[in-house]
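Asks: Following this message is one structure expressed as structure tokens.
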Amino acid sequence: MPKHYGKLAIKRKRSHTKALREVMSTKNKGLSMTKILSIALLLLFATSCQNELKTQAPKQASVQEKITSKYKSLGYELVWQEEFNSDGSVESSKWDFEQGFQRNHELQWYQEDNAFCEDGKLFIEGRREMKANPSFKAKANNWKEKRKNIYYTSSCLTSKQSWKYGRFEIKARLKAADGLWPAIWFLGTEGQWPSNGEIDLMEYYNDMILANACWGTKRPYQAKWDSSKTPVKDFKDPDWDKKFHIWKMDWDKDSIKLFLDDQLLNTIDLKKAINPDTSRGPKEPFQQAHYLLLNLAIGGTNGGDPSSTPFPNQFEIDYVRVYQKQ
Ligand SMILES: [Ca+2]
């Protein structure tokens with residue numbers, strides 16, 4: 001049973017008891033008809049709530065059964081799942097957080113504080129807030145150190161678990177606005193970027209949805225890309241970014257296929273995804289395990305200018321489910 005149902009039950013039970021106690025405490029002064037009626041109504045309400053809770057448990061079980069058995073006929077088993085059902089902070093047994101400035105000259109300072117769970121979803125909140133950069137050095141050349149101030153904050157979660165091959169299904173909602181660069185992506189566990197292999201199941205920036213993979217070249221930090229870009233307007237839905245969508249990756253030894261709402265956006269042929277220099281990573285970067293990153297970047301080399309975009313704003317993830325063939 002998901003924890004929040006348990007919490008809900010306790011909360012409701014407490015509130016019934018408290019309300020009853022309040023009504024009962026007046027009994028020494030004599031019970032009026034109104035008070036008797038109030039007690040009766042409260043008891044009726046409490047009973048109906050209990051019945052409601054009794055029906056919720058099997059409903060949850062059948063929802064889970066549907067998730068578990070979804071791709072069984074194709075030989076897939078559910079091997080990992082995050083529904084974000086516990087309100088509050090992100091489950092530390094499953095996720096780590098990146099800290100500070102990380103890559104691409106992005107504007108946001110990553111910190112744990114901007115990620116939280118509510119109503120069964122993970123919220124990654126981009127905020128416009130000014131703070132002193134704790135890494136600031138007056139004469140630094142490095143972009144991470146020469147910025148005196150932080151102007152935006154956000155979060156980047158990395159999964160503790162990593163996987164090689166499978167079907168990955170992630171339901172999410174993003175805001176298509178200037179300066180925002182949300183992403184659902186994977187990095188190989190061994191090797192230096194990009195020789196470790198990068199898979200971008202979803203990137204959004206500049207009014208486009210991207211679905212990519214990249215790997216190494218002969219030069220360090222220079223990637224060979226296999227990219228797909230789809231303008232958001234091609235989905236022909238003015239409310240596209242008000243809705244949740246499902247991103248899916250099918251990855252086996254031969255290929256990586258990236259889907260959005262069952263539309264195939266990109267197929268990466270893994271025979272071609274070979275590192276020419278194996279001193280910085282494995283020859284075949286997509287024949288090794290990858291971990292998942294969920295983040296909302298702001299600005300940077302691709303994100304664009306966020307100055308006219310309202311903040312705070314949120315990248316929401318409803319679930320992450322991983323199925324593998326056994
Ligand atoms: Ca959920």
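Starting from 1 in every chain, residues are counted up; chains themselves are A, B, ... following the order of the structure tokens, and ligands are numbered from 1 as listed.
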Just the strand (DSSP E or B) stuff from segment 129-210 of chain A, please, per backbone DSSP, written as number ranges by chain.

Replies: A: 129-132, 149-154, 156-163, 166-173, 180-188, 198-205, 208-210

Asks: Any chance you could export the current selection's C-alpha atoms as a JSON list (two decimals), in the first residue's frame?

Replies:
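Result file again-v2.json:
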[["chain", "number", "residue", "atom", "x", "y", "z"],
["A", 129, "GLU", "CA", 16.80, 33.60, -6.51],
["A", 130, "MET", "CA", 20.06, 35.40, -5.90],
["A", 131, "LYS", "CA", 22.74, 33.94, -3.65],
["A", 132, "ALA", "CA", 26.50, 34.30, -3.36],
["A", 149, "ASN", "CA", 26.48, 35.28, -7.76],
["A", 150, "ILE", "CA", 23.94, 32.56, -8.37],
["A", 151, "TYR", "CA", 20.76, 33.87, -10.02],
["A", 152, "TYR", "CA", 18.79, 30.66, -10.48],
["A", 153, "THR", "CA", 18.48, 27.40, -8.55],
["A", 154, "SER", "CA", 17.11, 24.00, -9.57],
["A", 156, "CYS", "CA", 19.24, 17.37, -10.85],
["A", 157, "LEU", "CA", 18.46, 13.87, -9.57],
["A", 158, "THR", "CA", 20.62, 10.89, -10.47],
["A", 159, "SER", "CA", 19.43, 7.31, -9.93],
["A", 160, "LYS", "CA", 21.50, 5.09, -7.66],
["A", 161, "GLN", "CA", 20.43, 2.15, -9.80],
["A", 162, "SER", "CA", 21.79, 1.63, -13.31],
["A", 163, "TRP", "CA", 20.54, -0.65, -16.09],
["A", 166, "GLY", "CA", 15.19, -2.72, -21.23],
["A", 167, "ARG", "CA", 12.03, -0.74, -21.74],
["A", 168, "PHE", "CA", 11.97, 2.52, -19.82],
["A", 169, "GLU", "CA", 8.71, 4.40, -19.38],
["A", 170, "ILE", "CA", 8.55, 7.89, -17.88],
["A", 171, "LYS", "CA", 5.48, 10.08, -17.58],
["A", 172, "ALA", "CA", 6.21, 13.77, -17.27],
["A", 173, "ARG", "CA", 4.99, 17.31, -17.88],
["A", 180, "LEU", "CA", 14.11, 26.20, -19.71],
["A", 181, "TRP", "CA", 16.00, 23.02, -20.50],
["A", 182, "PRO", "CA", 14.33, 20.04, -18.77],
["A", 183, "ALA", "CA", 15.72, 16.59, -19.52],
["A", 184, "ILE", "CA", 15.24, 12.86, -18.98],
["A", 185, "TRP", "CA", 18.59, 11.29, -19.82],
["A", 186, "PHE", "CA", 21.10, 8.54, -19.14],
["A", 187, "LEU", "CA", 24.87, 8.33, -18.79],
["A", 188, "GLY", "CA", 27.12, 5.25, -18.94],
["A", 198, "GLU", "CA", 24.78, 9.59, -23.32],
["A", 199, "ILE", "CA", 21.14, 8.90, -24.14],
["A", 200, "ASP", "CA", 18.70, 11.83, -24.12],
["A", 201, "LEU", "CA", 15.25, 10.28, -23.96],
["A", 202, "MET", "CA", 13.91, 13.83, -23.66],
["A", 203, "GLU", "CA", 15.43, 17.26, -23.86],
["A", 204, "TYR", "CA", 13.41, 20.41, -24.37],
["A", 205, "TYR", "CA", 14.82, 23.77, -25.39],
["A", 208, "MET", "CA", 11.91, 21.80, -29.66],
["A", 209, "ILE", "CA", 11.75, 18.29, -28.25],
["A", 210, "LEU", "CA", 14.97, 16.37, -28.76]]

Asks: With only C-alpha atoms and all ligand atoms counted, collect every polymer residue having an atom within 12 Å of ligand 1; state the result as a PDB file with N, CA and C atoms, in the first residue's frame.

Replies:
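selection_18.pdb written:
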ATOM      1  N   PRO A   2       0.651   2.171  -0.924  1.00  0.00           N
ATOM      2  CA  PRO A   2       1.470   3.392  -0.919  1.00  0.00           C
ATOM      3  C   PRO A   2       1.313   4.140   0.393  1.00  0.00           C
ATOM      4  N   HIS A   4       1.100   7.196   1.282  1.00  0.00           N
ATOM      5  CA  HIS A   4       0.221   8.343   1.497  1.00  0.00           C
ATOM      6  C   HIS A   4      -1.197   7.927   1.851  1.00  0.00           C
ATOM      7  N   VAL A  63      -4.149  -1.485  -9.577  1.00  0.00           N
ATOM      8  CA  VAL A  63      -3.329  -0.546 -10.363  1.00  0.00           C
ATOM      9  C   VAL A  63      -1.914  -1.100 -10.485  1.00  0.00           C
ATOM     10  N   GLN A  64      -1.369  -1.563  -9.340  1.00  0.00           N
ATOM     11  CA  GLN A  64      -0.013  -2.116  -9.340  1.00  0.00           C
ATOM     12  C   GLN A  64       0.065  -3.379 -10.210  1.00  0.00           C
ATOM     13  N   ILE A  67       0.410  -2.345 -13.762  1.00  0.00           N
ATOM     14  CA  ILE A  67       1.771  -1.863 -14.061  1.00  0.00           C
ATOM     15  C   ILE A  67       2.713  -3.050 -14.224  1.00  0.00           C
ATOM     16  N   GLN A  81      10.946   0.640 -10.145  1.00  0.00           N
ATOM     17  CA  GLN A  81       9.789   1.518 -10.278  1.00  0.00           C
ATOM     18  C   GLN A  81       9.874   2.644  -9.270  1.00  0.00           C
ATOM     19  N   GLU A  82       9.538   3.827  -9.690  1.00  0.00           N
ATOM     20  CA  GLU A  82       9.434   4.974  -8.784  1.00  0.00           C
ATOM     21  C   GLU A  82       8.156   5.723  -9.152  1.00  0.00           C
ATOM     22  N   GLU A  83       7.176   5.661  -8.235  1.00  0.00           N
ATOM     23  CA  GLU A  83       5.884   6.318  -8.490  1.00  0.00           C
ATOM     24  C   GLU A  83       5.807   7.677  -7.799  1.00  0.00           C
ATOM     25  N   PHE A  84       6.784   8.002  -6.981  1.00  0.00           N
ATOM     26  CA  PHE A  84       6.821   9.251  -6.210  1.00  0.00           C
ATOM     27  C   PHE A  84       5.581   9.397  -5.324  1.00  0.00           C
ATOM     28  N   ASN A  85       5.190   8.303  -4.690  1.00  0.00           N
ATOM     29  CA  ASN A  85       3.961   8.297  -3.891  1.00  0.00           C
ATOM     30  C   ASN A  85       4.125   8.801  -2.459  1.00  0.00           C
ATOM     31  N   SER A  86       5.371   8.979  -1.997  1.00  0.00           N
ATOM     32  CA  SER A  86       5.562   9.484  -0.633  1.00  0.00           C
ATOM     33  C   SER A  86       5.769  10.982  -0.655  1.00  0.00           C
ATOM     34  N   ASP A  87       4.814  11.712  -0.082  1.00  0.00           N
ATOM     35  CA  ASP A  87       4.922  13.177  -0.029  1.00  0.00           C
ATOM     36  C   ASP A  87       6.184  13.607   0.715  1.00  0.00           C
ATOM     37  N   CYS A 117       8.237  15.784  -3.487  1.00  0.00           N
ATOM     38  CA  CYS A 117       7.138  14.946  -3.981  1.00  0.00           C
ATOM     39  C   CYS A 117       5.818  15.408  -3.391  1.00  0.00           C
ATOM     40  N   GLU A 118       4.811  15.444  -4.229  1.00  0.00           N
ATOM     41  CA  GLU A 118       3.476  15.861  -3.798  1.00  0.00           C
ATOM     42  C   GLU A 118       2.449  15.243  -4.749  1.00  0.00           C
ATOM     43  N   ASP A 119       1.315  14.813  -4.208  1.00  0.00           N
ATOM     44  CA  ASP A 119       0.243  14.227  -5.036  1.00  0.00           C
ATOM     45  C   ASP A 119       0.756  13.158  -6.000  1.00  0.00           C
ATOM     46  N   GLY A 120       1.696  12.355  -5.550  1.00  0.00           N
ATOM     47  CA  GLY A 120       2.191  11.264  -6.385  1.00  0.00           C
ATOM     48  C   GLY A 120       3.119  11.678  -7.504  1.00  0.00           C
ATOM     49  N   LYS A 121       3.654  12.902  -7.408  1.00  0.00           N
ATOM     50  CA  LYS A 121       4.562  13.367  -8.462  1.00  0.00           C
ATOM     51  C   LYS A 121       5.840  13.959  -7.873  1.00  0.00           C
ATOM     52  N   LEU A 122       6.895  13.889  -8.686  1.00  0.00           N
ATOM     53  CA  LEU A 122       8.132  14.592  -8.349  1.00  0.00           C
ATOM     54  C   LEU A 122       8.086  15.965  -9.014  1.00  0.00           C
ATOM     55  N   PHE A 123       8.342  16.985  -8.229  1.00  0.00           N
ATOM     56  CA  PHE A 123       8.436  18.342  -8.763  1.00  0.00           C
ATOM     57  C   PHE A 123       9.903  18.766  -8.720  1.00  0.00           C
ATOM     58  N   ILE A 170       8.543   6.733 -18.790  1.00  0.00           N
ATOM     59  CA  ILE A 170       8.547   7.886 -17.877  1.00  0.00           C
ATOM     60  C   ILE A 170       7.434   8.845 -18.279  1.00  0.00           C
ATOM     61  N   LYS A 171       6.576   9.149 -17.309  1.00  0.00           N
ATOM     62  CA  LYS A 171       5.476  10.083 -17.582  1.00  0.00           C
ATOM     63  C   LYS A 171       5.825  11.425 -16.960  1.00  0.00           C
ATOM     64  N   ALA A 172       5.757  12.470 -17.768  1.00  0.00           N
ATOM     65  CA  ALA A 172       6.211  13.775 -17.273  1.00  0.00           C
ATOM     66  C   ALA A 172       5.472  14.917 -17.954  1.00  0.00           C
ATOM     67  N   ARG A 173       5.571  16.078 -17.315  1.00  0.00           N
ATOM     68  CA  ARG A 173       4.994  17.309 -17.885  1.00  0.00           C
ATOM     69  C   ARG A 173       6.034  18.419 -17.744  1.00  0.00           C
ATOM     70  N   PHE A 244       0.441  15.841 -19.390  1.00  0.00           N
ATOM     71  CA  PHE A 244       1.496  14.849 -19.175  1.00  0.00           C
ATOM     72  C   PHE A 244       1.664  14.019 -20.449  1.00  0.00           C
ATOM     73  N   GLU A 316       7.558  18.278 -13.906  1.00  0.00           N
ATOM     74  CA  GLU A 316       6.879  17.273 -13.074  1.00  0.00           C
ATOM     75  C   GLU A 316       7.071  15.874 -13.649  1.00  0.00           C
ATOM     76  N   ILE A 317       7.360  14.930 -12.772  1.00  0.00           N
ATOM     77  CA  ILE A 317       7.503  13.539 -13.213  1.00  0.00           C
ATOM     78  C   ILE A 317       6.542  12.680 -12.393  1.00  0.00           C
ATOM     79  N   ASP A 318       5.649  12.005 -13.087  1.00  0.00           N
ATOM     80  CA  ASP A 318       4.630  11.181 -12.428  1.00  0.00           C
ATOM     81  C   ASP A 318       5.198   9.806 -12.040  1.00  0.00           C
ATOM     82  N   TYR A 319       5.967   9.208 -12.948  1.00  0.00           N
ATOM     83  CA  TYR A 319       6.581   7.921 -12.599  1.00  0.00           C
ATOM     84  C   TYR A 319       7.757   7.594 -13.511  1.00  0.00           C
ATOM     85  N   VAL A 320       8.575   6.661 -13.030  1.00  0.00           N
ATOM     86  CA  VAL A 320       9.644   6.043 -13.822  1.00  0.00           C
ATOM     87  C   VAL A 320       9.484   4.539 -13.637  1.00  0.00           C
ATOM     88  N   ARG A 321       9.351   3.816 -14.726  1.00  0.00           N
ATOM     89  CA  ARG A 321       9.214   2.352 -14.648  1.00  0.00           C
ATOM     90  C   ARG A 321      10.204   1.696 -15.602  1.00  0.00           C
TER      91      ARG A 321
END

Asks: My list of candidates is A:Ile39, A:Trp109, A:Ala176, A:Thr267. Which is closest to Lys242 of chain A when distances are computed with only C-alpha atoms?

Replies: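 Distance minimum relative to Lys242 of chain A lands on A:Ala176.
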
Asks: Would you pick out the contacts of Arg219 of chain A at 10 Å or less, using only C-alpha atoms, so that residues sharing its chain but fewer than 5 positions from it are not included, and give the list as a PDB file with C-alpha atoms, in the first residue's frame?

Replies:
ATOM      1  CA  PRO A 276      37.302   5.268 -31.867  1.00  0.00           C
ATOM      2  CA  ASP A 277      39.567   5.898 -28.872  1.00  0.00           C
ATOM      3  CA  ARG A 280      38.551   7.329 -22.385  1.00  0.00           C
TER       4      ARG A 280
END

Asks: Excluding Thr278 of chain A and any residue of its chain fewer than 5 positions from it, enumerate the residues within 9 Å of it, using only C-alpha atoms, and give them as a count of residues only.

Replies: 3

Asks: Per DSSP on the backbone, filter segment 55-87 of chain A down to the residues in helix (DSSP H, G or I) and report them as a VMD selection string.

Replies: chain A and resid 55 to 69 72 to 74

Asks: Report the distance between atom CA of Phe97 of chain A and atom CA of Glu190 of chain A in Å, rounded to one decimal place.

Replies: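 These two atoms are separated by 18.8 Å.
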